[in-house]
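Contents: one structure, followed by commentary.
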2 protein chains.
Amino acid sequence: MHTCDARSEWNRLLTIVRSGTVYAIPSTFNDESPRMSGIADVALRAGVSKSTASRALSGAGHTSERTRARVLAAANELGYVPSTNAVSLATGRTRNIGVVMPCVNRWFFAEVLEGIQATLLASGYDLTLYDAKPGSPARARVFAEFLARKRFDGLIAVGVEPIDDEIGQLKSIGRPIVNIVGAHDQPGVVGIDDVRAAKRATEHLLGLGHRDIVFLGAGDADVWANVDRLRLEGYQAAMSDAGLTSAARHVPSPVTLPGGYAAAVDLLSDDGRPTAILAVCDEVAIGTLTAARRLGIAVPASLSVVGIDDHEFAEMFALTTLKQEPREQGALAARVLLDTLQHPDSPTLIEPMPARLIVRNSTASLDPSQN
Amino acid sequence: MHTCDARSEWNRLLTIVRSGTVYAIPSTFNDESPRMSGIADVALRAGVSKSTASRALSGAGHTSERTRARVLAAANELGYVPSTNAVSLATGRTRNIGVVMPCVNRWFFAEVLEGIQATLLASGYDLTLYDAKPGSPARARVFAEFLARKRFDGLIAVGVEPIDDEIGQLKSIGRPIVNIVGAHDQPGVVGIDDVRAAKRATEHLLGLGHRDIVFLGAGDADVWANVDRLRLEGYQAAMSDAGLTSAARHVPSPVTLPGGYAAAVDLLSDDGRPTAILAVCDEVAIGTLTAARRLGIAVPASLSVVGIDDHEFAEMFALTTLKQEPREQGALAARVLLDTLQHPDSPTLIEPMPARLIVRNSTASLDPSQN
DNA sequence: GCATCCTCGGGAACCGCTTCCAGCCCAAGC
DNA sequence: GCTTGGGCTGGAAGCGGTTCCCGAGGATGC
């Protein structure tokens with residue numbers, strides 16, 4: 001009954017929305033604002049010219065201590081706040097950084113975002129978020145319209161591999177870009193070396209005697225973040241180094257916990273199930289652990305699972321994984337970008353951040369007697 | 001060994017960062033941009049005046065079909081993109097919406113954010129994110145400096161309860177605000193009725209015969225999102241309606257999955273453990289389920305658990321919960337706000353969105369024989 | 001055929017701030 | 001005592017658009 005009520009409420013709400021009805025605004029916010037004071041008002045009150053006021057407030061140029069104090073006081077009394085738009089228009093700098101990511105509800109991306117945000121906030125920069133999945137129409141719009149508006153001083157792209165056309169567009173806006181996730185032989189790439197991390201994780205399994213190792217995750221073409229592809233490469237490299245090129249198996253899965261669960265249920269119900277799984281990330285790994293538990297497959301006795309990330313749930317699920325710290329990556333990317341804005345030259349490669357293997361209780365030797 | 005390498009790499013990197021070394025910039029982005037063409041260039045090329053070009057491009061005012069076509073063609077050939085700053089300065093509208101939330105890595109908030117983003121993107125609006133925990137110094141800065149810069153046309157506050165001082169600041173910027181999460185007797189509040197949802201969830205447990213019901217979650221003063229408080233209220237209301245005022249127990253817990261796990265381990269190891277738990281949200285509920293499993297407590301036979309959210313993991317864990325759709329809430333909030341910008345009057349209350357009880361397999365009658 | 005209306009396009013002011021340039025004044029140098 | 005130089009300051013020109021206002025025609029009404 002409640003359900004029914006709710007449903008009809010919802011429908012009614014939708015109707016209201018669709019019919020374009022006007023909505024609530026706290027009336028307190030509705031009164032005509034008392035015309036915010038501009039720099040001219042400050043100048044007037046301080047008894048100086050606009051230019052002097054500007055100098056005093058921004059700290060650029062010469063101003064006597066006395067005048068500056070007067071201007072500052074006036075600004076304070078008037079509650080003066082400079083209009084960002086006017087400042088940007090005049091100076092060409094926006095004090096705003098754009099961030100492009102394919103989604104925001106995967107742990108990795110959310111953490112990166114928080115790291116970026118915190119760093120920018122501390123430096124007085126705003127963050128404009130563009131969240132667009134590769135291949136989506138929204139994505140096309142982001143590049144065609146939004147990024148071209150050059151509303152930001154620099155851009156951080158997270159797990160986004162711009163296609164050629166998009167790169168061209170980005171170039172034409174002439175703003176520095178830092179990538180999180182990518183090939184570290186390219187300049188402006190921050191993060192761990194995902195290929196190496198996946199390789200390391202695979203080698204851990206190989207070292208435990210496993211040969212039948214599946215790479216679980218990603219594969220749906222239009223949602224490939226480039227992280228996923230790099231990790232698959234690392235897995236394949238390790239397998240082929242071990243002479244197991246043909247044994248390498250990549251099983252696709254949505255890159256989410258429930259997605260990993262579902263894919264793992266399929267994979268593990270199968271007769272030819274592997275002895276070990278490298279998941280593209282911890283969410284998928286944890287989904288796999290849950291699936292194994294549900295199917296009564298003992299981990300790590302009968303199945304080893306390793307992830308990459310050290311997700312906040314990893315410890316709770318005793319997951320062996322390669323630890324990375326996305327929040328730090330975001331913070332570093334922001335620092336690098338801000339730095340670049342100040343010294344816009346001398347290109348340098350940024351060293352990959354470390355990824356450390358954390359062995360917990362989801363991996364074990366294939367044959368305990370051989371340990 | 002790898003670990004060791006990694007650590008030293010990391011330290012070195014930190015050193016580089018701290019010493020202020022200049023970083024990589026893709027040199028391709030470094031060349032002086034070929035001076036992007038402005039509307040004057042377009043006008044020149046089309047053989048018209050700036051004002052005509054502006055009219056033709058914006059569609060406002062009269063323009064002959066012929067001239068408009070010429071202007072459009074010229075703009076196209078030049079790859080003209082208007083400068084947002086100039087437009088904003090001249091018109092006073094920024095086509096940008098600010099979003100304030102206490103964090104971005106909780107499922108609820110990430111979903112809301114994606115909903116907002118998608119809607120704004122479709123309407124050609126940018127989204128500037130302010131992510132600041134209540135009580136943090138960052139939070140203070142957000143309100144004092146960033147919001148005051150009036151860089152946006154409107155604001156969406158998610159799970160944020162501005163303190164009085166902050167409200168004053170928000171008022172003074174004179175921009176409409178929509179809140180997600182809050183009391184629905186206030187204008188401009190979008191979302192489910194959290195009090196009612198928690199009450200409903202509690203009633204479900206009461207209806208199953210449970211009397212010893214614990215509310216698990218939140219309680220750490222400075223990280224209280226107001227959702228959490230509203231839900232606690234709903235729980236208390238249901239308990240007191242059932243004449244169990246004094247039986248009501250609130251056990252604090254971090255509002256995360258591992259946090260819920262840890263808190264539940266404590267709670268359930270205790271002798272006086274409850275027969276049922278209402279978790280403040282699904283993350284905590286799932287943490288609780290995991291804890292119960294680890295402790296060998298059968299769910300739902302010996303313990304009922306209900307959550308609120310219908311988190312993406314809920315189905316996988318067979319969790320009974322009150323379903324809400326944060327993505328829809330974000331989308332609605334954005335629509336409401338955009339609507340308000342167009343018709344800045346006629347305040348109206350927005351109806352709460354529905355929250356439907358979804359019964360899965362984590363709740364059962366206290367005594368099966370009484371069912 | 002002439003006055004009138006309307007459409008279209010151009011000129012210029014303006015949004016709010018920065019910054020170049022020139023002028024002023026005062027201290028130091030000869 | 002008169003330049004010279006430098007620290008401060010004010011005036012004014014932008015930054016890149018929008019928009020008000022007005023004049024020029026062309027179409028229409030009488």
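Ligands are numbered from 1 in the order shown, chains are lettered A, B, ... in the order of the structure tokens, and residues start at 1 in each chain.
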
- request: List every residue of region 32-220 of chain B that DSSP, applied to the backbone of this structure, assigns to strand (DSSP E), and report them as a PyMOL selection string.
  value: chain B and resi 96-101+126-131+154-158+177-180+189-190+213-216

- request: Extract, using only C-alpha atoms (C1' of nucleotides), all DNA, RNA and protein residues at most 12 Å from DG23 (chain C), discarding same-chain residues fewer than 6 positions from it, and format them as a list of chain:residue names.
  value: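 After dropping sequence-adjacent residues, the list is D:DC8, D:DT9, D:DG10, D:DG11.
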
task: Show me which bits of chain B are within 12 Å of chain D, counting only C-alpha atoms (C1' of nucleotides), as a list in words.
output: Met36, Ser37, Gly38, Ile39, Ala40, Asp41, Lys50, Ser51, Thr52, Ala53, Ser54, Arg55, Leu57, Ser58, Ala60, Gly61, Val81, Pro82, Ser83, Thr84, Asn85, Ala86, Val87, Ser88, Leu89, Ala90, Thr91, Gly92 and Arg93 of chain B

message: Residues of chain C within 9 Å of chain B, counting only C-alpha atoms (C1' of nucleotides), what are they? List them as number ranges by chain.
response: C: 7-10, 14-16

Please produce a file of those selected residues containing C-alpha atoms (C1' of nucleotides), as a PDB file, in the first residue's frame.
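And here's part00.pdb as it stands now:
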```pdb
ATOM      1  C1'  DT C   7      12.865  44.523 -39.834  1.00  0.00           C
ATOM      2  C1'  DC C   8      17.687  44.636 -39.873  1.00  0.00           C
ATOM      3  C1'  DG C   9      22.151  46.223 -38.936  1.00  0.00           C
ATOM      4  C1'  DG C  10      25.711  49.450 -36.867  1.00  0.00           C
ATOM      5  C1'  DC C  14      28.865  48.729 -20.358  1.00  0.00           C
ATOM      6  C1'  DC C  15      29.810  44.285 -17.283  1.00  0.00           C
ATOM      7  C1'  DG C  16      34.014  44.593 -13.238  1.00  0.00           C
TER       8       DG C  16
END
```

message: Taking 4 positions as the minimum chain separation for residues in the same chain, which residues sit within 6 Å of Ala132 (chain B) when counting only C-alpha atoms (C1' of nucleotides)? Answer as a ChimeraX atom specification.
response: /B:102,138-139

- request: Could you tell me which of B:Ala122, B:Ala248, B:Ala201, B:Ala292 comes closest to chain A if we count only C-alpha atoms?
  value: B:Ala122

task: Figure out the distance between CA of Ala331 (chain A) and CA of Val189 (chain A), please, to one decimal in Å.
output: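 Distance between the two atoms: 13.2 Å.
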